[in-house]
Amino acid sequence: MMSTLLELNNVQTHINQFHILHDISFEVPKGEVTVLLGRNGAGKTTTLRSIMGLNPPTEGTVSYKGQVINKWKPHMIARNGIGYVPEDQGIFGDLTVGENIRVAMQKEDETTTEHLEWVLELFPDLKKFWKKPGGQLSGGQKQMLAIARAYVNDNELLLIDEPSKGLAPIIVEKVMESILYMKEKTTIVLVEQNFMMASKIGDSFHIIDDGKTVHNGMMSDLKQDKNLMKKYLGIA
Amino acid sequence: MQQLRLNFEKSTWIYLVIASLLFILPFMMSGRSIMFLVMQIFIFGIFAMSYDLLLGYTGIVSFGHAMFFGIGAYSIAIVFDLNEPTMFYLIVGVLIAVLLAAIVSFVVGILTLRLKSHFYAMLTLALAGLFLVAAEKWRSVTGGADGFTISVPEFFKDRTNLYLVCLIVMVLFFFGLRRFTNSPLGRVLMAIRENEGRTESLGYKVLHYKVIVSVVSGVVASIAGVLYMLSLRFVDTSVFATEVTLDALLMTIIGGVGTLVGPIIGAALIEFAHHWLSDLSDVHWIFERWIILFGAVYILAVIFFPKGIAGTIQELYRKKRKKRQDNKEIKSEDKMAG
């Protein structure tokens with residue numbers, strides 16, 4: 001029986017006057033990849049931002065390792081082992097690749113150095129362009145850098161938002177390879193529109209529709225359920 | 001890494017050569033006014049660098065930066081007015097200036113930097129106005145709007161000594177701040193400038209960093225105020241005026257934000273323009289209103305050189321280096337293919 005690392009219970013989030021999340025509830029078992037699926041605008045990104053404290057929930061609870069973290073500031077959440085790879089990658093354009101990674105490293109010890117060596121081995125482009133400003137990288141390289149920044153710390157949980165968005169198939173393969181490797185070492189919540197990728201990586205899934213979690217189950221079961229896929233994901 | 005070190009050393013050498021030339025300048029010329037002008041450039045260069053820390057490195061806009069400049073000027077002036085103008089009281093005055101500037105910038109930072117940047121801009125504007133009014137009304141200490149003259153230590157009565165002190169302080173601040181901005185803390189500041197939310201979600205308490213930079217900037221500006229007072233030997237409420245902040249803003253933008261050397265170049269341009277264009281008022285009345293001409297130059301500079309002078313030069317250098325690197329890569333690939 002796997003323990004629960006993260007739990008969302010009836011989370012509601014408002015952004016200004018807009019009520020974006022109405023009822024998000026799910027659990028993230030430790031050591032697994034939990035995939036959040038849903039159509040555009042369903043509330044997947046806001047869910048990740050609510051967990052991260054960037055759009056704090058107005059109702060409900062977010063519990064991490066048994067502690068309610070609703071009121072925590074994003075820096076406290078990050079310091080407690082939750083890494084976030086945003087949809088727009090959030091690369092600091094004026095900082096070099098090396099500086100982007102160094103800024104993200106909360107400490108330098110054996111584990112983070114080992115993680116850094118691994119990401120540089122997996123993404124040799126980052127090593128090659130170590131001194132290049134982040135803003136001058138291609139979309140794929142930026143995604144690699146964003147993943148590297150999140151993984152370089154010894155995070156227990158990674159929130160990854162649409163890592164395949166706008167990338168060439170060959171880069172998507174590379175990104176997928178990196179997430180599959182990270183899966184061995186950390187727990188992941190993945191938001192992904194690319195169903196092929198999500199189904200290869202994910203263990204369990206939660207479908208979000210109109211700001212509510214409407215369905216959940218094991219990824220292997222979802223692949224068989226054509227009706228569900230058509231209804232909520234638009235995949236025939 | 002080696003390439004980086006070489007470039008760093010190259011630019012450091014260039015700055016040191018320029019500093020050495022400026023060091024021997026007073027021994028090669030006799031004009032008092034030009035020496036005074038260059039001294040003002042050093043002082044405003046320091047002041048503009050302190051502004052660049054806020055605007056260029058952290059993305060904080062301040063409309064009241066003059067208050068720290070004024071705190072420095074008034075601190076030393078009041079200490080000299082109440083005591084003998086000796087080196088001991090100079091140190092006391094500098095310590096008071098630094099302490100006051102640090103406290104004010106800390107309080108202002110804590111109160112406003114957690115909010116959107118325009119709150120900081122508005123509060124600093126209001127506070128600078130408050131200091132201006134306080135200096136005008138507290139006549140028994142500040143001399144009101146008329147100000148007062150003071151005597152300075154014997155050492156600073158020699159213009160060459162004062163010139164050299166200003167130059168040394170500017171050079172020390174330049175290299176010190178360059179080190180500060182190139183440090184891991186400086187990189188965090190640049191990350192904050194680019195994306196505050198993202199920096200926060202990497203585990204940094206953004207407010208702490210903003211307050212640190214606000215205090216460092218305020219302290220550096222107060223030292224510029226101290227030197228300004230030593231050079232003029234007179235202080236009045238104009239040191240708190242919004243124009244002083246706007247000058248720093250202009251110097252930083254025209255010179256190049258986020259470069260440190262840019263604000264010094266900007267200070268030189270604005271001070272020279274002020275000096276020469278004012279002198280031309282006999283030729284045509286428009287030169288009396290030289291700020292109008294400068295406004296036009298400023299608009300053109302922002303349109304055609306948005307990165308400022310130093311920023312544009314750095315950009316060209318970077319492009320040239322990239323082209324050289326690309327050519328090298330193509331050549332080595334050809335060699336391998338051959």
# chains A, B, ... in the order shown; residues from 1 in each chain; ligands from 1
$ residues_around --residues "Met176 of chain A" --least-positions-apart "4" --cutoff "7 Å" --atoms "only C-alpha atoms" --output "PyMOL selection string"
chain A and resi 172+180+197
$ write_last_selection --atoms "N, CA and C atoms" --output "PDB file, in the first residue's frame"
ATOM      1  N   VAL A 172      10.017  15.665 -27.959  1.00  0.00           N
ATOM      2  CA  VAL A 172       9.025  15.090 -27.040  1.00  0.00           C
ATOM      3  C   VAL A 172       9.533  13.747 -26.511  1.00  0.00           C
ATOM      4  N   LEU A 180      10.464   9.708 -17.544  1.00  0.00           N
ATOM      5  CA  LEU A 180      10.457   8.299 -17.165  1.00  0.00           C
ATOM      6  C   LEU A 180      11.600   7.995 -16.197  1.00  0.00           C
ATOM      7  N   MET A 197       1.761  10.352 -24.802  1.00  0.00           N
ATOM      8  CA  MET A 197       2.828  10.548 -23.828  1.00  0.00           C
ATOM      9  C   MET A 197       2.306  10.283 -22.412  1.00  0.00           C
TER      10      MET A 197
END
$ residues_around --residues "segment 44-57 of chain A" --least-positions-apart "6" --cutoff "9 Å" --atoms "only C-alpha atoms" --output "PyMOL selection string"
(chain A and resi 8+11-15+20-21+24+36-38+63+69-75+77-78+82-84+86-87+159-162+189+191+207-209+211) or (chain B and resi 197+200-201)
$ interface_residues --of "chain B" --to "chain A" --cutoff "8 Å" --atoms "only C-alpha atoms" --output "VMD selection string"
chain B and resid 184 187 to 188 190 to 191 194 to 195 197 to 198 200 to 205
$ atom_distance --atom1 "atom CA of Asp125 of chain A" --atom2 "atom CA of Gln141 of chain A"
7.1 Å
$ residues_around --residues "Val28 of chain A" --least-positions-apart "3" --cutoff "6 Å" --atoms "only C-alpha atoms" --output "list in words"
Thr4, Leu5 and Leu6 of chain A
$ write_last_selection --atoms "N, CA and C atoms" --output "JSON list (two decimals), in the first residue's frame"
[["chain", "number", "residue", "atom", "x", "y", "z"],
["A", 4, "THR", "N", 0.15, 8.36, 0.76],
["A", 4, "THR", "CA", -0.25, 9.54, -0.01],
["A", 4, "THR", "C", 0.71, 10.69, 0.26],
["A", 5, "LEU", "N", 1.24, 11.26, -0.78],
["A", 5, "LEU", "CA", 2.19, 12.37, -0.61],
["A", 5, "LEU", "C", 1.44, 13.70, -0.63],
["A", 6, "LEU", "N", 0.49, 13.79, -1.55],
["A", 6, "LEU", "CA", -0.26, 15.05, -1.71],
["A", 6, "LEU", "C", -1.75, 14.74, -1.77]]
$ residues_around --residues "segment 218-228 of chain A" --least-positions-apart "4" --cutoff "12 Å" --atoms "only C-alpha atoms" --output "PDB file with N, CA and C atoms, in the first residue's frame"
ATOM      1  N   GLU A  32       4.532   7.592  -7.593  1.00  0.00           N
ATOM      2  CA  GLU A  32       3.780   7.367  -8.835  1.00  0.00           C
ATOM      3  C   GLU A  32       3.710   8.625  -9.693  1.00  0.00           C
ATOM      4  N   VAL A  33       3.294   8.417 -10.944  1.00  0.00           N
ATOM      5  CA  VAL A  33       3.019   9.572 -11.791  1.00  0.00           C
ATOM      6  C   VAL A  33       1.503   9.698 -11.915  1.00  0.00           C
ATOM      7  N   THR A  34       0.988  10.819 -11.417  1.00  0.00           N
ATOM      8  CA  THR A  34      -0.445  11.072 -11.487  1.00  0.00           C
ATOM      9  C   THR A  34      -0.672  12.076 -12.608  1.00  0.00           C
ATOM     10  N   VAL A  35      -1.510  11.701 -13.551  1.00  0.00           N
ATOM     11  CA  VAL A  35      -1.726  12.581 -14.710  1.00  0.00           C
ATOM     12  C   VAL A  35      -3.063  13.307 -14.564  1.00  0.00           C
ATOM     13  N   LEU A  36      -3.025  14.615 -14.793  1.00  0.00           N
ATOM     14  CA  LEU A  36      -4.269  15.392 -14.820  1.00  0.00           C
ATOM     15  C   LEU A  36      -4.633  15.607 -16.284  1.00  0.00           C
ATOM     16  N   LEU A  37      -5.809  15.137 -16.637  1.00  0.00           N
ATOM     17  CA  LEU A  37      -6.253  15.265 -18.029  1.00  0.00           C
ATOM     18  C   LEU A  37      -7.476  16.172 -18.099  1.00  0.00           C
ATOM     19  N   GLY A  38      -7.741  16.650 -19.274  1.00  0.00           N
ATOM     20  CA  GLY A  38      -8.928  17.503 -19.462  1.00  0.00           C
ATOM     21  C   GLY A  38      -8.735  18.411 -20.649  1.00  0.00           C
ATOM     22  N   PHE A 195      -1.946  12.611 -25.293  1.00  0.00           N
ATOM     23  CA  PHE A 195      -2.411  11.410 -24.599  1.00  0.00           C
ATOM     24  C   PHE A 195      -1.434  10.245 -24.726  1.00  0.00           C
ATOM     25  N   MET A 196      -0.793  10.157 -25.875  1.00  0.00           N
ATOM     26  CA  MET A 196       0.188   9.079 -26.091  1.00  0.00           C
ATOM     27  C   MET A 196       1.274   9.141 -25.016  1.00  0.00           C
ATOM     28  N   MET A 197       1.761  10.352 -24.802  1.00  0.00           N
ATOM     29  CA  MET A 197       2.828  10.548 -23.828  1.00  0.00           C
ATOM     30  C   MET A 197       2.306  10.283 -22.412  1.00  0.00           C
ATOM     31  N   ALA A 198       1.150  10.853 -22.126  1.00  0.00           N
ATOM     32  CA  ALA A 198       0.574  10.699 -20.786  1.00  0.00           C
ATOM     33  C   ALA A 198       0.335   9.228 -20.461  1.00  0.00           C
ATOM     34  N   SER A 199      -0.153   8.479 -21.455  1.00  0.00           N
ATOM     35  CA  SER A 199      -0.477   7.073 -21.188  1.00  0.00           C
ATOM     36  C   SER A 199       0.789   6.240 -20.990  1.00  0.00           C
ATOM     37  N   LYS A 200       1.884   6.650 -21.615  1.00  0.00           N
ATOM     38  CA  LYS A 200       3.132   5.892 -21.448  1.00  0.00           C
ATOM     39  C   LYS A 200       3.764   6.154 -20.082  1.00  0.00           C
ATOM     40  N   ILE A 201       3.594   7.388 -19.606  1.00  0.00           N
ATOM     41  CA  ILE A 201       4.264   7.767 -18.359  1.00  0.00           C
ATOM     42  C   ILE A 201       3.398   7.519 -17.131  1.00  0.00           C
ATOM     43  N   GLY A 202       2.094   7.815 -17.267  1.00  0.00           N
ATOM     44  CA  GLY A 202       1.228   7.866 -16.082  1.00  0.00           C
ATOM     45  C   GLY A 202       0.870   6.522 -15.475  1.00  0.00           C
ATOM     46  N   ASP A 203       0.683   6.536 -14.170  1.00  0.00           N
ATOM     47  CA  ASP A 203       0.190   5.350 -13.463  1.00  0.00           C
ATOM     48  C   ASP A 203      -1.312   5.490 -13.237  1.00  0.00           C
ATOM     49  N   SER A 204      -1.701   6.666 -12.716  1.00  0.00           N
ATOM     50  CA  SER A 204      -3.125   6.901 -12.491  1.00  0.00           C
ATOM     51  C   SER A 204      -3.509   8.231 -13.135  1.00  0.00           C
ATOM     52  N   PHE A 205      -4.790   8.456 -13.263  1.00  0.00           N
ATOM     53  CA  PHE A 205      -5.233   9.701 -13.906  1.00  0.00           C
ATOM     54  C   PHE A 205      -6.416  10.309 -13.174  1.00  0.00           C
ATOM     55  N   HIS A 206      -6.581  11.607 -13.354  1.00  0.00           N
ATOM     56  CA  HIS A 206      -7.767  12.314 -12.869  1.00  0.00           C
ATOM     57  C   HIS A 206      -8.207  13.230 -13.994  1.00  0.00           C
ATOM     58  N   ILE A 207      -9.468  13.173 -14.321  1.00  0.00           N
ATOM     59  CA  ILE A 207      -9.961  14.051 -15.384  1.00  0.00           C
ATOM     60  C   ILE A 207     -10.604  15.277 -14.729  1.00  0.00           C
ATOM     61  N   VAL A 214     -13.782  14.948 -12.264  1.00  0.00           N
ATOM     62  CA  VAL A 214     -15.006  14.218 -12.600  1.00  0.00           C
ATOM     63  C   VAL A 214     -14.775  12.714 -12.725  1.00  0.00           C
ATOM     64  N   TYR A 232     -14.651  13.257 -22.359  1.00  0.00           N
ATOM     65  CA  TYR A 232     -13.918  14.313 -21.645  1.00  0.00           C
ATOM     66  C   TYR A 232     -12.645  14.810 -22.342  1.00  0.00           C
ATOM     67  N   LEU A 233     -12.084  13.976 -23.196  1.00  0.00           N
ATOM     68  CA  LEU A 233     -10.810  14.378 -23.810  1.00  0.00           C
ATOM     69  C   LEU A 233     -10.931  14.647 -25.302  1.00  0.00           C
ATOM     70  N   GLY A 234     -12.069  14.296 -25.856  1.00  0.00           N
ATOM     71  CA  GLY A 234     -12.287  14.538 -27.289  1.00  0.00           C
ATOM     72  C   GLY A 234     -11.461  13.612 -28.157  1.00  0.00           C
ATOM     73  N   ILE A 235     -11.036  12.480 -27.601  1.00  0.00           N
ATOM     74  CA  ILE A 235     -10.232  11.526 -28.381  1.00  0.00           C
ATOM     75  C   ILE A 235     -11.144  10.388 -28.825  1.00  0.00           C
ATOM     76  N   ALA A 236     -11.230  10.208 -30.125  1.00  0.00           N
ATOM     77  CA  ALA A 236     -12.120   9.170 -30.658  1.00  0.00           C
ATOM     78  C   ALA A 236     -11.401   7.822 -30.684  1.00  0.00           C
TER      79      ALA A 236
END
$ select_by_dssp --residues "segment 50-101 of chain A" --states "strand (DSSP E)" --output "list in words"
Glu59, Gly60, Thr61, Val62, Ser63, Tyr64, Gln67, Val68, Ile82, Gly83, Tyr84 and Val85 of chain A
$ write_last_selection --atoms "N, CA and C atoms" --output "PDB file, in the first residue's frame"
ATOM      1  N   GLU A  59     -11.035  27.993  -0.937  1.00  0.00           N
ATOM      2  CA  GLU A  59     -11.742  26.999  -0.105  1.00  0.00           C
ATOM      3  C   GLU A  59     -11.021  25.663  -0.249  1.00  0.00           C
ATOM      4  N   GLY A  60     -11.294  24.761   0.692  1.00  0.00           N
ATOM      5  CA  GLY A  60     -10.720  23.427   0.602  1.00  0.00           C
ATOM      6  C   GLY A  60      -9.299  23.359   1.145  1.00  0.00           C
ATOM      7  N   THR A  61      -8.716  22.170   1.066  1.00  0.00           N
ATOM      8  CA  THR A  61      -7.359  22.015   1.620  1.00  0.00           C
ATOM      9  C   THR A  61      -6.418  21.323   0.641  1.00  0.00           C
ATOM     10  N   VAL A  62      -5.161  21.753   0.716  1.00  0.00           N
ATOM     11  CA  VAL A  62      -4.092  21.060   0.005  1.00  0.00           C
ATOM     12  C   VAL A  62      -3.160  20.542   1.093  1.00  0.00           C
ATOM     13  N   SER A  63      -3.012  19.230   1.186  1.00  0.00           N
ATOM     14  CA  SER A  63      -2.141  18.651   2.223  1.00  0.00           C
ATOM     15  C   SER A  63      -0.940  17.983   1.562  1.00  0.00           C
ATOM     16  N   TYR A  64       0.224  18.283   2.094  1.00  0.00           N
ATOM     17  CA  TYR A  64       1.456  17.698   1.571  1.00  0.00           C
ATOM     18  C   TYR A  64       2.161  17.010   2.736  1.00  0.00           C
ATOM     19  N   GLN A  67       0.593  17.686   6.027  1.00  0.00           N
ATOM     20  CA  GLN A  67       0.488  19.071   6.520  1.00  0.00           C
ATOM     21  C   GLN A  67      -0.350  19.906   5.555  1.00  0.00           C
ATOM     22  N   VAL A  68      -1.235  20.715   6.111  1.00  0.00           N
ATOM     23  CA  VAL A  68      -2.041  21.589   5.242  1.00  0.00           C
ATOM     24  C   VAL A  68      -1.161  22.766   4.802  1.00  0.00           C
ATOM     25  N   ILE A  82       8.756  20.704  -3.208  1.00  0.00           N
ATOM     26  CA  ILE A  82       7.873  20.621  -4.380  1.00  0.00           C
ATOM     27  C   ILE A  82       8.477  21.464  -5.506  1.00  0.00           C
ATOM     28  N   GLY A  83       8.813  20.819  -6.602  1.00  0.00           N
ATOM     29  CA  GLY A  83       9.372  21.525  -7.763  1.00  0.00           C
ATOM     30  C   GLY A  83       8.274  21.758  -8.788  1.00  0.00           C
ATOM     31  N   TYR A  84       8.392  22.848  -9.525  1.00  0.00           N
ATOM     32  CA  TYR A  84       7.329  23.205 -10.481  1.00  0.00           C
ATOM     33  C   TYR A  84       7.929  23.568 -11.837  1.00  0.00           C
ATOM     34  N   VAL A  85       7.442  22.896 -12.865  1.00  0.00           N
ATOM     35  CA  VAL A  85       7.844  23.238 -14.237  1.00  0.00           C
ATOM     36  C   VAL A  85       6.619  23.854 -14.899  1.00  0.00           C
TER      37      VAL A  85
END
$ select_by_dssp --residues "segment 70-183 of chain A" --states "alpha helix (DSSP H)" --output "ChimeraX atom specification"
/A:74-79,97-104,110-122,124-128,139-151,169-183
$ atom_distance --atom1 "atom CA of Phe68 of chain B" --atom2 "atom CA of Ser222 of chain B"
4.9 Å
$ residues_around --residues "Tyr163 of chain B" --least-positions-apart "4" --cutoff "12 Å" --atoms "only C-alpha atoms" --output "ChimeraX atom specification"
/B:22-27,32-43,155-159,167-170,227-228,230-231
$ write_last_selection --atoms "C-alpha atoms" --output "mmCIF file, in the first residue's frame"
data_model
loop_
_atom_site.group_PDB
_atom_site.id
_atom_site.type_symbol
_atom_site.label_atom_id
_atom_site.label_comp_id
_atom_site.auth_asym_id
_atom_site.auth_seq_id
_atom_site.Cartn_x
_atom_site.Cartn_y
_atom_site.Cartn_z
ATOM 1 C CA LEU B 22 41.247 59.976 -14.776
ATOM 2 C CA PHE B 23 43.600 59.713 -11.809
ATOM 3 C CA ILE B 24 46.339 61.710 -13.550
ATOM 4 C CA LEU B 25 43.877 64.155 -15.150
ATOM 5 C CA PRO B 26 44.046 66.828 -12.380
ATOM 6 C CA PHE B 27 47.849 66.897 -12.665
ATOM 7 C CA ARG B 32 39.045 74.443 -12.033
ATOM 8 C CA SER B 33 35.639 74.345 -13.659
ATOM 9 C CA ILE B 34 36.355 71.274 -15.746
ATOM 10 C CA MET B 35 37.776 69.488 -12.710
ATOM 11 C CA PHE B 36 34.640 70.361 -10.775
ATOM 12 C CA LEU B 37 32.540 69.089 -13.675
ATOM 13 C CA VAL B 38 34.376 65.746 -13.791
ATOM 14 C CA MET B 39 34.004 65.479 -10.013
ATOM 15 C CA GLN B 40 30.233 65.956 -10.375
ATOM 16 C CA ILE B 41 30.252 63.164 -12.944
ATOM 17 C CA PHE B 42 31.904 60.848 -10.418
ATOM 18 C CA ILE B 43 29.376 61.778 -7.742
ATOM 19 C CA PHE B 155 42.219 67.962 3.366
ATOM 20 C CA PHE B 156 39.117 68.512 1.223
ATOM 21 C CA LYS B 157 39.784 72.190 0.684
ATOM 22 C CA ASP B 158 42.324 71.117 -1.890
ATOM 23 C CA ARG B 159 40.222 70.408 -4.980
ATOM 24 C CA LEU B 167 37.286 59.040 -8.165
ATOM 25 C CA ILE B 168 38.513 56.364 -5.736
ATOM 26 C CA VAL B 169 35.080 56.047 -4.114
ATOM 27 C CA MET B 170 33.444 55.718 -7.541
ATOM 28 C CA LEU B 227 30.482 63.642 -1.604
ATOM 29 C CA TYR B 228 28.121 66.122 -3.279
ATOM 30 C CA LEU B 230 31.771 68.049 0.286
ATOM 31 C CA SER B 231 32.201 69.298 -3.282
#
$ residues_around --residues "Met144 of chain A" --least-positions-apart "2" --cutoff "10 Å" --atoms "only C-alpha atoms" --output "list of chain:residue names"
A:Gln89, A:Val119, A:Leu120, A:Leu122, A:Phe123, A:Pro124, A:Asp125, A:Leu126, A:Ser138, A:Gly139, A:Gly140, A:Gln141, A:Lys142, A:Ala146, A:Ile147, A:Ala148, A:Arg149, A:Pro163, A:Ile171, A:Lys174, A:Val175, A:Ser178
$ atom_distance --atom1 "atom CA of Asp154 of chain A" --atom2 "atom CA of Thr112 of chain A"
6.3 Å
$ decode --residues "segment 152-223 of chain A" --atoms "C-alpha atoms" --output "mmCIF file, in the first residue's frame"
data_model
loop_
_atom_site.group_PDB
_atom_site.id
_atom_site.type_symbol
_atom_site.label_atom_id
_atom_site.label_comp_id
_atom_site.auth_asym_id
_atom_site.auth_seq_id
_atom_site.Cartn_x
_atom_site.Cartn_y
_atom_site.Cartn_z
ATOM 1 C CA VAL A 152 18.364 19.463 -9.985
ATOM 2 C CA ASN A 153 17.041 19.861 -6.437
ATOM 3 C CA ASP A 154 16.275 16.884 -4.311
ATOM 4 C CA ASN A 155 12.506 17.422 -4.671
ATOM 5 C CA GLU A 156 10.057 14.845 -3.436
ATOM 6 C CA LEU A 157 7.292 16.003 -5.734
ATOM 7 C CA LEU A 158 7.430 17.515 -9.208
ATOM 8 C CA LEU A 159 4.545 19.378 -10.818
ATOM 9 C CA ILE A 160 5.059 19.382 -14.568
ATOM 10 C CA ASP A 161 2.722 21.371 -16.794
ATOM 11 C CA GLU A 162 2.407 20.298 -20.432
ATOM 12 C CA PRO A 163 6.055 19.475 -21.107
ATOM 13 C CA SER A 164 5.374 18.425 -24.708
ATOM 14 C CA LYS A 165 3.530 21.584 -25.717
ATOM 15 C CA GLY A 166 4.774 22.995 -29.020
ATOM 16 C CA LEU A 167 7.746 20.646 -29.271
ATOM 17 C CA ALA A 168 8.948 18.571 -32.223
ATOM 18 C CA PRO A 169 8.295 14.788 -31.883
ATOM 19 C CA ILE A 170 11.978 14.011 -31.440
ATOM 20 C CA ILE A 171 12.238 16.481 -28.544
ATOM 21 C CA VAL A 172 9.025 15.090 -27.040
ATOM 22 C CA GLU A 173 10.721 11.676 -27.003
ATOM 23 C CA LYS A 174 13.668 13.143 -25.144
ATOM 24 C CA VAL A 175 11.443 14.925 -22.638
ATOM 25 C CA MET A 176 9.478 11.732 -22.112
ATOM 26 C CA GLU A 177 12.694 9.804 -21.544
ATOM 27 C CA SER A 178 13.722 12.304 -18.865
ATOM 28 C CA ILE A 179 10.355 12.095 -17.078
ATOM 29 C CA LEU A 180 10.457 8.299 -17.165
ATOM 30 C CA TYR A 181 13.865 8.446 -15.504
ATOM 31 C CA MET A 182 12.706 10.966 -12.903
ATOM 32 C CA LYS A 183 9.737 8.726 -12.179
ATOM 33 C CA GLU A 184 12.145 6.213 -10.665
ATOM 34 C CA LYS A 185 13.303 8.742 -8.113
ATOM 35 C CA THR A 186 10.453 11.118 -7.413
ATOM 36 C CA THR A 187 6.684 11.538 -7.400
ATOM 37 C CA ILE A 188 5.209 13.445 -10.310
ATOM 38 C CA VAL A 189 1.957 15.255 -11.062
ATOM 39 C CA LEU A 190 1.807 15.697 -14.797
ATOM 40 C CA VAL A 191 -0.551 17.848 -16.824
ATOM 41 C CA GLU A 192 -0.414 16.658 -20.401
ATOM 42 C CA GLN A 193 -2.575 17.058 -23.505
ATOM 43 C CA ASN A 194 -0.531 14.575 -25.503
ATOM 44 C CA PHE A 195 -2.411 11.410 -24.599
ATOM 45 C CA MET A 196 0.188 9.079 -26.091
ATOM 46 C CA MET A 197 2.828 10.548 -23.828
ATOM 47 C CA ALA A 198 0.574 10.699 -20.786
ATOM 48 C CA SER A 199 -0.477 7.073 -21.188
ATOM 49 C CA LYS A 200 3.132 5.892 -21.448
ATOM 50 C CA ILE A 201 4.264 7.767 -18.359
ATOM 51 C CA GLY A 202 1.228 7.866 -16.082
ATOM 52 C CA ASP A 203 0.190 5.350 -13.463
ATOM 53 C CA SER A 204 -3.125 6.901 -12.491
ATOM 54 C CA PHE A 205 -5.233 9.701 -13.906
ATOM 55 C CA HIS A 206 -7.767 12.314 -12.869
ATOM 56 C CA ILE A 207 -9.961 14.051 -15.384
ATOM 57 C CA ILE A 208 -10.761 17.697 -14.694
ATOM 58 C CA ASP A 209 -13.761 19.267 -16.366
ATOM 59 C CA ASP A 210 -15.020 22.791 -15.747
ATOM 60 C CA GLY A 211 -12.960 23.125 -12.562
ATOM 61 C CA LYS A 212 -14.065 19.798 -11.057
ATOM 62 C CA THR A 213 -12.458 16.395 -10.836
ATOM 63 C CA VAL A 214 -15.006 14.218 -12.600
ATOM 64 C CA HIS A 215 -13.278 10.903 -13.061
ATOM 65 C CA ASN A 216 -10.249 8.982 -11.924
ATOM 66 C CA GLY A 217 -8.690 5.588 -12.257
ATOM 67 C CA MET A 218 -5.684 3.702 -13.500
ATOM 68 C CA MET A 219 -4.090 4.803 -16.751
ATOM 69 C CA SER A 220 -4.230 1.258 -18.129
ATOM 70 C CA ASP A 221 -8.024 1.238 -17.692
ATOM 71 C CA LEU A 222 -8.495 4.588 -19.369
ATOM 72 C CA LYS A 223 -6.876 3.359 -22.564
#
